[in-house]
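Colleague: What follows is model-v2.tsv, made up of TSV, C-alpha atoms and all ligand atoms:
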chain	number	residue	atom	x	y	z
A	1	MET	CA	0.00	0.00	0.00
A	2	ARG	CA	1.33	3.40	-0.93
A	3	ASP	CA	0.42	6.68	0.73
A	4	ALA	CA	-2.16	8.88	-0.95
A	5	HIS	CA	-1.28	9.60	-4.58
A	6	SER	CA	0.56	12.88	-5.09
A	7	GLU	CA	-1.91	14.27	-7.66
A	8	PHE	CA	-5.04	12.71	-6.14
A	9	PRO	CA	-5.30	12.89	-2.35
A	10	ASN	CA	-8.43	10.67	-2.55
A	11	LEU	CA	-6.55	7.79	-4.20
A	12	HIS	CA	-4.66	4.97	-2.48
A	13	LEU	CA	-2.83	2.53	-4.74
A	14	PHE	CA	-1.75	-0.97	-3.79
A	15	ASP	CA	1.81	-1.84	-4.69
A	16	HIS	CA	1.82	-5.26	-2.98
A	17	PRO	CA	3.32	-7.86	-5.34
A	18	LEU	CA	0.51	-10.35	-4.72
A	19	ILE	CA	-2.08	-7.75	-5.68
A	20	GLN	CA	-0.08	-6.73	-8.75
A	21	HIS	CA	0.35	-10.39	-9.74
A	22	LYS	CA	-3.42	-10.92	-9.67
A	23	MET	CA	-4.00	-7.60	-11.42
A	24	THR	CA	-1.85	-8.83	-14.31
A	25	ALA	CA	-3.93	-12.01	-14.57
A	26	LEU	CA	-7.08	-9.88	-14.86
A	27	ARG	CA	-5.53	-7.75	-17.60
A	28	ASP	CA	-4.51	-10.82	-19.62
A	29	ARG	CA	-7.07	-11.37	-22.39
A	30	GLU	CA	-6.28	-15.11	-22.34
A	31	THR	CA	-7.68	-15.45	-18.79
A	32	SER	CA	-10.92	-17.44	-18.96
A	33	PHE	CA	-14.07	-16.00	-17.42
A	34	ARG	CA	-14.01	-18.67	-14.70
A	35	ALA	CA	-10.45	-17.75	-13.73
A	36	PHE	CA	-11.26	-14.04	-14.07
A	37	ARG	CA	-14.13	-14.38	-11.60
A	38	ALA	CA	-11.99	-16.29	-9.08
A	39	VAL	CA	-9.07	-13.86	-9.30
A	40	MET	CA	-11.29	-10.80	-8.98
A	41	ALA	CA	-12.81	-12.18	-5.78
A	42	GLN	CA	-9.37	-12.95	-4.37
A	43	LEU	CA	-8.10	-9.51	-5.26
A	44	ALA	CA	-11.07	-7.81	-3.58
A	45	GLY	CA	-10.49	-9.90	-0.46
A	46	LEU	CA	-6.87	-8.81	-0.29
A	47	MET	CA	-7.77	-5.17	-0.81
A	48	VAL	CA	-10.45	-5.10	1.86
A	49	TYR	CA	-7.85	-6.08	4.40
A	50	GLU	CA	-6.20	-2.68	3.94
A	51	VAL	CA	-9.42	-0.70	3.54
A	52	THR	CA	-10.68	-1.89	6.91
A	53	ARG	CA	-7.46	-1.08	8.75
A	54	SER	CA	-8.91	2.04	10.37
A	55	PHE	CA	-12.22	0.46	11.42
A	56	PRO	CA	-12.83	1.05	15.11
A	57	ALA	CA	-12.32	-2.03	17.26
A	58	VAL	CA	-13.33	-2.27	20.89
A	59	SER	CA	-11.79	-4.27	23.64
A	60	VAL	CA	-13.77	-7.40	24.60
A	61	GLU	CA	-13.33	-10.13	27.13
A	62	VAL	CA	-12.95	-13.66	25.78
A	63	GLN	CA	-12.76	-16.99	27.52
A	64	THR	CA	-10.15	-19.26	25.94
A	65	PRO	CA	-10.17	-22.99	26.80
A	66	LEU	CA	-7.58	-22.04	29.45
A	67	GLU	CA	-8.43	-18.64	30.88
A	68	LYS	CA	-10.05	-15.27	30.34
A	69	THR	CA	-8.24	-12.70	28.24
A	70	THR	CA	-9.06	-9.60	26.23
A	71	GLY	CA	-9.27	-9.23	22.51
A	72	LEU	CA	-10.50	-6.74	19.94
A	73	SER	CA	-13.82	-6.82	18.15
A	74	ILE	CA	-15.22	-4.67	15.34
A	75	LYS	CA	-18.66	-3.58	16.54
A	76	ALA	CA	-19.72	-1.25	13.74
A	77	SER	CA	-22.29	-2.51	11.30
A	78	ILE	CA	-20.45	-2.80	7.97
A	79	THR	CA	-22.26	-2.61	4.65
A	80	VAL	CA	-20.83	-3.78	1.34
A	81	VAL	CA	-22.44	-2.23	-1.73
A	82	PRO	CA	-21.60	-3.69	-5.14
A	83	VAL	CA	-22.50	-1.69	-8.23
A	84	LEU	CA	-24.19	-4.17	-10.59
A	85	ARG	CA	-23.15	-6.06	-12.42
A	86	ALA	CA	-19.39	-6.09	-12.17
A	87	GLY	CA	-19.26	-5.14	-8.48
A	88	LEU	CA	-20.79	-8.54	-7.66
A	89	GLY	CA	-17.49	-10.19	-8.61
A	90	MET	CA	-15.72	-8.16	-5.95
A	91	ALA	CA	-18.44	-8.39	-3.28
A	92	GLU	CA	-18.01	-12.16	-3.25
A	93	GLY	CA	-14.37	-11.81	-2.19
A	94	VAL	CA	-15.09	-9.09	0.37
A	95	LEU	CA	-17.82	-11.22	1.98
A	96	GLU	CA	-15.43	-14.17	2.28
A	97	ILE	CA	-13.40	-11.99	4.65
A	98	MET	CA	-16.36	-10.23	6.32
A	99	PRO	CA	-19.30	-12.67	6.15
A	100	GLU	CA	-21.23	-10.70	8.78
A	101	ALA	CA	-21.43	-7.57	6.61
A	102	ARG	CA	-24.77	-6.39	5.26
A	103	VAL	CA	-25.10	-6.11	1.49
A	104	GLY	CA	-26.79	-3.35	-0.47
A	105	HIS	CA	-27.18	-3.40	-4.25
A	106	LEU	CA	-27.08	-0.51	-6.69
A	107	GLY	CA	-27.88	-1.16	-10.33
A	108	LEU	CA	-26.22	1.28	-12.70
A	109	LEU	CA	-25.66	0.83	-16.39
A	110	ARG	CA	-23.47	3.16	-18.37
A	111	ASP	CA	-25.17	4.42	-21.52
A	112	GLU	CA	-22.78	3.47	-24.35
A	113	ARG	CA	-23.47	6.69	-26.26
A	114	THR	CA	-23.55	9.38	-23.56
A	115	LEU	CA	-21.35	7.46	-21.07
A	116	LEU	CA	-23.75	8.64	-18.37
A	117	PRO	CA	-24.97	6.18	-15.70
A	118	VAL	CA	-28.56	4.96	-15.92
A	119	HIS	CA	-29.96	3.90	-12.55
A	120	TYR	CA	-32.17	0.80	-12.53
A	121	LEU	CA	-32.07	-0.65	-9.01
A	122	SER	CA	-31.50	0.38	-5.38
A	123	LYS	CA	-31.83	-2.07	-2.56
A	124	LEU	CA	-30.02	-0.80	0.49
A	125	PRO	CA	-30.15	-1.86	4.14
A	126	ARG	CA	-31.71	0.60	6.57
A	127	ASN	CA	-29.56	2.74	8.81
A	128	LEU	CA	-26.48	3.09	6.63
A	129	SER	CA	-25.16	5.58	9.16
A	130	ALA	CA	-24.57	2.72	11.63
A	131	GLY	CA	-21.13	1.99	10.21
A	132	PRO	CA	-18.77	2.13	7.25
A	133	VAL	CA	-20.06	1.50	3.76
A	134	ILE	CA	-17.71	-0.16	1.28
A	135	LEU	CA	-18.66	0.60	-2.32
A	136	VAL	CA	-17.24	-1.94	-4.77
A	137	ASP	CA	-16.97	-1.66	-8.54
A	138	PRO	CA	-13.94	-2.93	-10.48
A	139	MET	CA	-13.90	-0.04	-12.99
A	140	LEU	CA	-13.67	3.69	-12.30
A	141	ALA	CA	-13.75	5.12	-15.81
A	142	THR	CA	-15.44	8.54	-16.22
A	143	GLY	CA	-16.44	8.29	-12.56
A	144	GLY	CA	-20.10	8.89	-13.40
A	145	SER	CA	-21.26	5.60	-11.87
A	146	ALA	CA	-19.13	5.94	-8.72
A	147	ALA	CA	-20.23	9.55	-8.17
A	148	SER	CA	-23.87	8.64	-8.69
A	149	ALA	CA	-23.57	5.62	-6.36
A	150	SER	CA	-21.85	7.72	-3.68
A	151	GLY	CA	-24.61	10.33	-3.97
A	152	MET	CA	-27.28	7.66	-3.50
A	153	LEU	CA	-25.48	6.20	-0.49
A	154	ARG	CA	-25.11	9.65	1.01
A	155	ALA	CA	-28.81	10.39	0.44
A	156	ALA	CA	-29.64	7.08	2.15
A	157	GLY	CA	-27.71	8.19	5.25
A	158	ALA	CA	-24.20	6.80	4.74
A	159	ARG	CA	-21.58	8.93	6.46
A	160	ASP	CA	-18.42	6.85	6.03
A	161	ILE	CA	-18.06	5.67	2.40
A	162	ARG	CA	-14.93	4.00	1.01
A	163	MET	CA	-14.59	2.69	-2.50
A	164	ILE	CA	-12.58	-0.28	-3.72
A	165	CYS	CA	-12.00	-0.61	-7.43
A	166	ILE	CA	-9.55	-2.69	-9.42
A	167	VAL	CA	-8.56	-0.23	-12.11
A	168	ALA	CA	-9.08	3.53	-12.18
A	169	ALA	CA	-8.66	6.16	-14.88
A	170	PRO	CA	-7.41	9.64	-13.92
A	171	GLU	CA	-10.68	11.09	-15.27
A	172	GLY	CA	-12.72	9.04	-12.80
A	173	VAL	CA	-10.52	9.78	-9.81
A	174	ARG	CA	-10.70	13.52	-10.64
A	175	HIS	CA	-14.48	13.34	-11.00
A	176	MET	CA	-14.75	11.72	-7.56
A	177	LEU	CA	-12.35	14.25	-6.05
A	178	GLU	CA	-14.55	17.07	-7.30
A	179	GLU	CA	-17.93	15.57	-6.31
A	180	HIS	CA	-17.07	13.36	-3.34
A	181	PRO	CA	-13.67	14.39	-1.97
A	182	ASP	CA	-14.40	12.60	1.31
A	183	VAL	CA	-14.71	9.16	-0.33
A	184	PRO	CA	-11.29	7.50	-0.36
A	185	ILE	CA	-10.66	5.28	-3.38
A	186	TYR	CA	-8.51	2.17	-3.09
A	187	ALA	CA	-7.32	0.80	-6.42
A	188	ALA	CA	-4.87	-1.79	-7.71
A	189	ALA	CA	-3.94	0.36	-10.73
A	190	LEU	CA	-4.21	3.89	-12.04
A	191	ASP	CA	-4.22	3.51	-15.82
A	192	ARG	CA	-3.35	5.96	-18.60
A	193	GLY	CA	-6.85	7.17	-19.47
A	194	LEU	CA	-9.97	6.47	-21.52
A	195	ASP	CA	-10.25	5.59	-25.19
A	196	GLU	CA	-12.87	7.07	-27.55
A	197	ARG	CA	-15.48	4.55	-26.32
A	198	GLY	CA	-14.82	5.45	-22.69
A	199	PHE	CA	-12.93	2.22	-21.97
A	200	ILE	CA	-10.02	2.37	-19.53
A	201	VAL	CA	-6.69	1.83	-21.32
A	202	PRO	CA	-4.74	-0.35	-21.06
A	203	GLY	CA	-7.35	-1.63	-18.60
A	204	LEU	CA	-8.77	-5.13	-18.58
A	205	GLY	CA	-11.69	-4.87	-21.00
A	206	ASP	CA	-15.33	-4.89	-19.88
A	207	ALA	CA	-15.24	-6.34	-16.37
A	208	GLY	CA	-18.94	-7.30	-16.34
A	209	ASP	CA	-18.70	-9.19	-19.62
A	210	ARG	CA	-15.48	-10.94	-18.62
A	211	LEU	CA	-16.90	-11.93	-15.22
A	212	PHE	CA	-20.13	-13.37	-16.51
A	213	GLY	CA	-19.07	-14.65	-19.93
A	214	THR	CA	-21.37	-12.24	-21.80
A	215	LEU	CA	-18.72	-11.15	-24.29
B	1	LIG	C1	-19.03	-0.48	-15.89
B	1	LIG	C2	-18.31	-0.57	-14.56
B	1	LIG	C3	-18.78	0.65	-13.82
B	1	LIG	C4	-18.93	1.66	-14.94
B	1	LIG	C5	-17.71	2.55	-14.96
B	1	LIG	O1	-20.31	-0.97	-15.77
B	1	LIG	O2	-18.55	-1.77	-13.87
B	1	LIG	O3	-20.01	0.46	-13.14
B	1	LIG	O4	-19.04	0.93	-16.17
B	1	LIG	O5	-17.86	3.56	-15.87
B	1	LIG	P1	-17.95	5.09	-15.44
B	1	LIG	O6	-16.90	5.35	-14.41
B	1	LIG	O7	-17.66	5.81	-16.74
B	1	LIG	O8	-19.33	5.37	-14.94
B	1	LIG	P2	-21.26	-1.21	-17.05
B	1	LIG	O9	-22.06	0.02	-17.36
B	1	LIG	O10	-20.44	-1.77	-18.18
B	1	LIG	O11	-22.31	-2.24	-16.52
B	1	LIG	P3	-22.15	-3.82	-16.24
B	1	LIG	O12	-21.22	-3.97	-15.07
B	1	LIG	O13	-23.54	-4.23	-15.91
B	1	LIG	O14	-21.60	-4.47	-17.49
Could you render the structure from this file as structure tokens?

Modeller:
Amino acid sequence: MRDAHSEFPNLHLFDHPLIQHKMTALRDRETSFRAFRAVMAQLAGLMVYEVTRSFPAVSVEVQTPLEKTTGLSIKASITVVPVLRAGLGMAEGVLEIMPEARVGHLGLLRDERTLLPVHYLSKLPRNLSAGPVILVDPMLATGGSAASASGMLRAAGARDIRMICIVAAPEGVRHMLEEHPDVPIYAAALDRGLDERGFIVPGLGDAGDRLFGTL
């Protein structure tokens, strides 16, 4: 994990070799959709470890088979919110690590012509203010979807939002910095930019299609 990026104070990039190794597998066009799905879940699980580092933990008493001792326990109610569809591939890995988390779903589809997000589903747990909300979406391209999702979470009461994505474009990080400067973004890669179709380059292609075999 590196400190906040020099140009983007809202961006934290992972430089861990294991994360970079898996990132390369996702970029590889020869990776099958089954392998892609497995690696994306693993990558999200590794990333959440760092994202949750600052979660408040309280001291609790625990009885071991031998004696009483104290330990730490995270009491806050954590919510994981995947942006459909591609965020589902990451949520799976995050929930492996934090099976007790609540899950909210946001359905957003990027219009291929305007590149603007079209909202088609919101199903969020009540009381989002009860704890941190982890927004997951592998791609941060123009940032329209992430900004819209953050706005919806905010409107639903979320106070502590953190985003995990796999690959980000500078355009998307800038968009988030302007609209939601208080949402830290954790990413495995900051790529060069967007092509004429709004795809992140070099990127990894369309994450949703590669995850679900809808290419
Ligand atoms: C992709 C991706 C993000 C969005 C990023 O979803 O998963 O949600 O585009 O683009 P943006 O930053 O420019 O908004 P897509 O619309 O392809 O939907 P899908 O996951 O259902 O395929």

Colleague: Would you list the contacts of range 17-26 of chain A as number ranges by chain, taking every protein, DNA or RNA residue within 7 Å and counting all atoms listed in the file, but skipping same-chain residues closer than 6 positions in sequence?

Modeller: A: 36, 39, 43, 188, 204

Colleague: One number please: atom O11 of ligand LIG 1 (chain B) to CA of Glu178 in chain A, in Å, one decimal.

Modeller: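 Here the two named atoms are 22.8 Å from each other.
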
Colleague: Please identify every residue of range 100-189 of chain A that has at least one atom no farther than 9 Å from an atom of range 91-95 of chain A, counting all atoms listed in the file, and for each give the shortest atom pair and the distance in Å to one decimal, arranged by chain then increasing number, as a Markdown table.

Modeller:
| residue | atom | partner | partner_atom | distance |
| --- | --- | --- | --- | --- |
| A:Glu100 | CA | A:Leu95 | CA | 7.6 |
| A:Ala101 | CA | A:Leu95 | CA | 6.9 |
| A:Val103 | CA | A:Ala91 | CA | 8.5 |
| A:Val136 | CA | A:Ala91 | CA | 6.7 |
| A:Asp137 | CA | A:Ala91 | CA | 8.7 |

Colleague: Could you write those residues out with C-alpha atoms, as a short mmCIF file (atom, residue, chain, number, x, y, z; two decimals), in the frame of the given file?

Modeller:
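Produced file part-v2.cif, reproduced below:
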data_model
loop_
_atom_site.label_atom_id
_atom_site.label_comp_id
_atom_site.auth_asym_id
_atom_site.auth_seq_id
_atom_site.Cartn_x
_atom_site.Cartn_y
_atom_site.Cartn_z
CA GLU A 100 -21.23 -10.70 8.78
CA ALA A 101 -21.43 -7.57 6.61
CA VAL A 103 -25.10 -6.11 1.49
CA VAL A 136 -17.24 -1.94 -4.77
CA ASP A 137 -16.97 -1.66 -8.54
#

Colleague: Check every protein, DNA and RNA residue against ligand LIG 1 (chain B), keep those with an atom at most 7 Å away (counting only C-alpha atoms and all ligand atoms), and present them as a list in words.

Modeller: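 Written in the requested form, the residues are Val83, Leu84, Arg85, Ala86, Gly87, Leu108, Leu109, Arg110, Asp111, Leu115, Leu116, Pro117, Asp137, Pro138, Met139, Leu140, Ala141, Thr142, Gly143, Gly144, Ser145, Ala146, Gly172, Gly198, Asp206, Ala207, Gly208 and Asp209 of chain A.
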
Colleague: Hey, which of A:Leu66, A:Leu211, A:Ala147, A:Leu124 ends up closest to Met40 in chain A? Count only C-alpha atoms.

Modeller: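 Nearest candidate to Met40 in chain A out of A:Leu66, A:Leu211, A:Ala147, A:Leu124: A:Leu211.
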
Colleague: Write out as a PyMOL selection string each polymer residue whose atoms come within 9 Å of Val183 in chain A, counting all atoms listed in the file; drop sequence neighbours fewer than 2 positions from it.

Modeller: chain A and resi 10+150+160-163+176-177+180-181+185

Colleague: For each of A:Ala158, A:Leu135, A:Ala35, A:Val201, take the minimum atom-to-atom distance to Val48 in chain A, counting all atoms listed in the file, then give the residue where this is smallest.

Modeller: A:Leu135

Colleague: In Å to one decimal, how far is CA of Ser77 in chain A from CA of Ala57 in chain A?

Modeller: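 The value is 11.6 Å.
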
Colleague: Between A:Glu196, A:Lys68, A:Ala149, A:Gly203, which is the closest to His105 in chain A once you count all atoms listed in the file?

Modeller: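 Among the listed residues, the smallest separation from His105 in chain A belongs to A:Ala149.
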
Colleague: Report, in Å to a single decimal, how far apart CA of Leu13 in chain A and CA of Val80 in chain A are.

Modeller: 20.0 Å

Colleague: Of the candidates A:Pro132, A:Arg27, A:Phe212, A:Leu190, which one gets nearest to Arg53 in chain A if we count only C-alpha atoms?

Modeller: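 Residue with the minimum atom-to-atom distance to Arg53 in chain A: A:Pro132.
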
Colleague: Excluding same-chain residues fewer than 3 positions from Gly193 in chain A, what lies within 8 Å of it counting all atoms listed in the file, as a ChimeraX atom specification?

Modeller: /A:169-171,200-202

Colleague: Check the smallest atom-to-atom distance from each of A:Val173, A:Tyr49, A:Met90, A:Val58 to Lys75 in chain A using all atoms listed in the file, then report the winner.

Modeller: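 That would be A:Val58, the residue with the smallest distance to Lys75 in chain A.
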
Colleague: For each of A:Asp191, A:Pro82, A:Gly205, A:Ile164, take the minimum atom-to-atom distance to Leu121 in chain A, counting all atoms listed in the file, then give the residue where this is smallest.

Modeller: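 Of A:Asp191, A:Pro82, A:Gly205, A:Ile164, the one nearest Leu121 in chain A, counting all atoms listed in the file, is A:Pro82.
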
Colleague: Just the residues within 10 Å of Ile78 in chain A, please, counting all atoms listed in the file, with nothing from its chain fewer than 3 positions along; format it as number ranges by chain.

Modeller: A: 52, 55, 74-75, 81, 98, 100-103, 128-134

Colleague: Is it possible to add N, CA and C atoms to range 146-161 of chain A and hand it back as a PDB file, in the frame of the given file?

Modeller:
ATOM      1  N   ALA A 146     -19.594   5.863 -10.117  1.00  0.00           N
ATOM      2  CA  ALA A 146     -19.130   5.940  -8.720  1.00  0.00           C
ATOM      3  C   ALA A 146     -19.682   7.188  -8.034  1.00  0.00           C
ATOM      4  N   ALA A 147     -19.723   8.305  -8.761  1.00  0.00           N
ATOM      5  CA  ALA A 147     -20.230   9.550  -8.170  1.00  0.00           C
ATOM      6  C   ALA A 147     -21.728   9.425  -7.903  1.00  0.00           C
ATOM      7  N   SER A 148     -22.441   8.827  -8.860  1.00  0.00           N
ATOM      8  CA  SER A 148     -23.870   8.640  -8.690  1.00  0.00           C
ATOM      9  C   SER A 148     -24.148   7.684  -7.518  1.00  0.00           C
ATOM     10  N   ALA A 149     -23.396   6.586  -7.454  1.00  0.00           N
ATOM     11  CA  ALA A 149     -23.570   5.620  -6.360  1.00  0.00           C
ATOM     12  C   ALA A 149     -23.266   6.274  -5.016  1.00  0.00           C
ATOM     13  N   SER A 150     -22.203   7.058  -4.950  1.00  0.00           N
ATOM     14  CA  SER A 150     -21.850   7.720  -3.680  1.00  0.00           C
ATOM     15  C   SER A 150     -22.949   8.695  -3.269  1.00  0.00           C
ATOM     16  N   GLY A 151     -23.518   9.396  -4.256  1.00  0.00           N
ATOM     17  CA  GLY A 151     -24.610  10.330  -3.970  1.00  0.00           C
ATOM     18  C   GLY A 151     -25.822   9.604  -3.399  1.00  0.00           C
ATOM     19  N   MET A 152     -26.122   8.432  -3.982  1.00  0.00           N
ATOM     20  CA  MET A 152     -27.280   7.660  -3.500  1.00  0.00           C
ATOM     21  C   MET A 152     -27.023   7.129  -2.081  1.00  0.00           C
ATOM     22  N   LEU A 153     -25.797   6.710  -1.829  1.00  0.00           N
ATOM     23  CA  LEU A 153     -25.480   6.200  -0.490  1.00  0.00           C
ATOM     24  C   LEU A 153     -25.563   7.324   0.533  1.00  0.00           C
ATOM     25  N   ARG A 154     -25.070   8.473   0.144  1.00  0.00           N
ATOM     26  CA  ARG A 154     -25.110   9.650   1.010  1.00  0.00           C
ATOM     27  C   ARG A 154     -26.575  10.009   1.314  1.00  0.00           C
ATOM     28  N   ALA A 155     -27.394  10.034   0.258  1.00  0.00           N
ATOM     29  CA  ALA A 155     -28.810  10.390   0.440  1.00  0.00           C
ATOM     30  C   ALA A 155     -29.517   9.363   1.331  1.00  0.00           C
ATOM     31  N   ALA A 156     -29.022   8.127   1.322  1.00  0.00           N
ATOM     32  CA  ALA A 156     -29.640   7.080   2.150  1.00  0.00           C
ATOM     33  C   ALA A 156     -29.072   7.091   3.575  1.00  0.00           C
ATOM     34  N   GLY A 157     -28.189   8.034   3.864  1.00  0.00           N
ATOM     35  CA  GLY A 157     -27.710   8.190   5.250  1.00  0.00           C
ATOM     36  C   GLY A 157     -26.262   7.810   5.506  1.00  0.00           C
ATOM     37  N   ALA A 158     -25.579   7.243   4.497  1.00  0.00           N
ATOM     38  CA  ALA A 158     -24.200   6.800   4.740  1.00  0.00           C
ATOM     39  C   ALA A 158     -23.304   8.001   5.066  1.00  0.00           C
ATOM     40  N   ARG A 159     -22.492   7.841   6.079  1.00  0.00           N
ATOM     41  CA  ARG A 159     -21.580   8.930   6.460  1.00  0.00           C
ATOM     42  C   ARG A 159     -20.134   8.577   6.153  1.00  0.00           C
ATOM     43  N   ASP A 160     -19.811   7.286   6.250  1.00  0.00           N
ATOM     44  CA  ASP A 160     -18.420   6.850   6.030  1.00  0.00           C
ATOM     45  C   ASP A 160     -18.423   5.917   4.817  1.00  0.00           C
ATOM     46  N   ILE A 161     -18.069   6.466   3.641  1.00  0.00           N
ATOM     47  CA  ILE A 161     -18.060   5.670   2.400  1.00  0.00           C
ATOM     48  C   ILE A 161     -16.622   5.498   1.942  1.00  0.00           C
TER      49      ILE A 161
END
